[in-house]
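First up is the structure itself, then whatever we jot down about it.
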Amino acid sequence: MLAPALPLEDYALLEDAECEARIEAAKRELGRRCVILGHHYQRDEVFRHADLTGDSLKLSREAARSDAEYIVFCGVHFMAEVADILSRPEQIAILPDLAAGCSMADMANLAAVERGWRELSGIIDPDASVTPVTYINSAADLKAFCGRHGGIVCTSSNAQKILEWSFARRQKVLFFPDQHLGRNTGHRMGIPLDEMVTWDFTRPMGGLSEAEIRKARIILWKGFCSVHQMFRPEHVDRFLEKHPETRVIVHPECAFDVCEKAHDIGSTESILKTVRAAEPGTRWLVGTELNLVNRLAQEMKPRGVNVHFLSPTVCMCSTMFRTDPQHLAWVLENLVAGQVINRIRVPETDAIPARLTLDRMLAVA
Ligand code: 13P
Ligand code: SF4
């Protein structure tokens with residue numbers, strides 16, 4: 001018979017250094033049975049234990065091709081859901097702290113999206129003329145909604161290709177939950193701003209008129225990232241006044257007026273690639289989460305590349321930060337003891353249509 005699960009309370013007061021040694025010991029014990037995936041926003045004490053790191057697209061691919069028995073996802077809830085959906089049925093996806101959600105993903109839920117779809121059908125036939133596109137930062141049931149309505153998933157690194165795919169099928173797109181990724185991508189594709197309307201999900205018909213809906217190419221859900229909304233255009237202006245030679249690079253979850261001031265826009269993985277390829281002596285102002293930027297600044301310093309954080313205030317993703325070495329040690333040592341803690345399991349009714357949309361995305365991008 002299996003021993004009972006090791007309680008979290010026994011880990012809460014452990015020093016990081018002790019956790020570190022225990023995590024490494026558990027990893028050695030589990031060997032190839034376990035893979036740790038780490039998103040770029042994870043804190044250093046966790047990130048250093050990841051076997052594979054990346055942005056949402058890269059980590060989705062890694063989850064799909066992994067043959068490990070356990071996929072421990074150091075990231076947020078929707079990422080572990082994607083790992084569960086894309087992995088084989090006998091593989092187990094684990095999120096070290098179940099409270100690690102994404103506040104942006106929580107801004108759209110199935111009831112509100114279905115209500116919006118019904119309201120749109122009073123004006124147009126959405127199943128004939130609107131492709132629903134969900135950012136990967138969304139719950140599995142919204143990916144399933146897209147699967148049932150001819151839609152697709154996108155990430156920050158493939159949004160343009162996904163919108164092109166969508167417009168090749170239907171005239172309009174309903175894009176949720178992040179208005180900024182949708183607007184920034186649509187703008188780069190040449191869609192006028194007045195043909196991208198914002199759907200306020202707290203109001204009937206999204207607060208839009210019939211004429212606005214008929215004219216719109218993209219209907220943008222009024223969601224946003226609480227971290228990336230902290231970056232302001234005046235932060236860029238002030239920095240460039242002092243250091244006009246600086247290149248500005250931001251994540252597409254930043255607001256439109258910030259992205260307009262940037263030289264480059266890209267996913268976390270593409271920000272890293274771009275700055276790592278920079279010439280010595282160059283200076284970079286980076287608009288994305290603080291853990292990534294601090295690590296990049298440390299890495300590039302010896303190569304003579306200066307990396308600065310775009311905001312004068314600290315902007316960290318508090319939910320990414322929830323995964324600490326204590327939770328990681330807890331789930332790993334339980335696996336060693338034969339106990340699965342914090343399994344993320346998407347019900348088959350959602351997993352099947354959600355997988356369809358994720359497979360579509362991986363095939364398109
Ligand atoms: P990336 O896919 O670019 O890593 O973005 C994920 C995310 O949550 C950014 O806030
Ligand atoms: Fe969600 Fe924003 Fe955190 Fe990314 S940075 S996980 S979008 S809250």
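Residues are referred to by chain and number: the chain letter is A, B, ... according to the order shown in the structure tokens, the number counts from 1 in that chain, and ligands are numbered separately from 1 in the order shown.
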Margin query: Let me see if you get this right: every residue at most 12 Å from ligand 2, counting only C-alpha atoms and all ligand atoms, written as a ChimeraX atom specification.
Written below: /A:39-42,55-56,74-79,100-107,135-139,155-156,177-181,223-230,251-254,267-268,287-292,315-322
- Message: So that I can check the secondary structure, give me every residue of region 240-334 of chain A assigned helix (DSSP H, G or I) by backbone DSSP, as a PyMOL selection string.
- Response: chain A and resi 240-242+256-259+268-276+290-303+320-322+325-334
DSSP on the backbone, then: every residue of region 48-193 of chain A marked strand (DSSP E or B), written as a list in words. Leu52, Thr53, Gly54, Tyr70, Ile71, Val72, Phe73, Cys74, Ile92, Ala93, Ile94, Val130, Thr131, Pro132, Val133, Thr134, Tyr135, Ile152, Val153, Cys154, Lys172, Val173, Leu174, Phe175, Phe176 and Asp178 of chain A
> Could you name the residues that touch Leu328 (chain A) at 9 Å or less, counting only C-alpha atoms, but leaving out those on the same chain fewer than 3 positions away, as a ChimeraX atom specification?
Replying inline: /A:19,23,46,72,74,95-97,323-325,331-333
Tell me which protein, DNA and RNA residues are within 12 Å of Pro192 (chain A), counting only C-alpha atoms, leaving out same-chain ones fewer than 5 positions away, and put them as a ChimeraX atom specification. /A:183-187,197,215-218
Selected residue, from A:Ser121, A:Thr53, A:Ser129, A:Ser157, that lies nearest to ligand 1 when counting only C-alpha atoms and all ligand atoms
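The answer is A:Ser157, which sits nearest to ligand 1.
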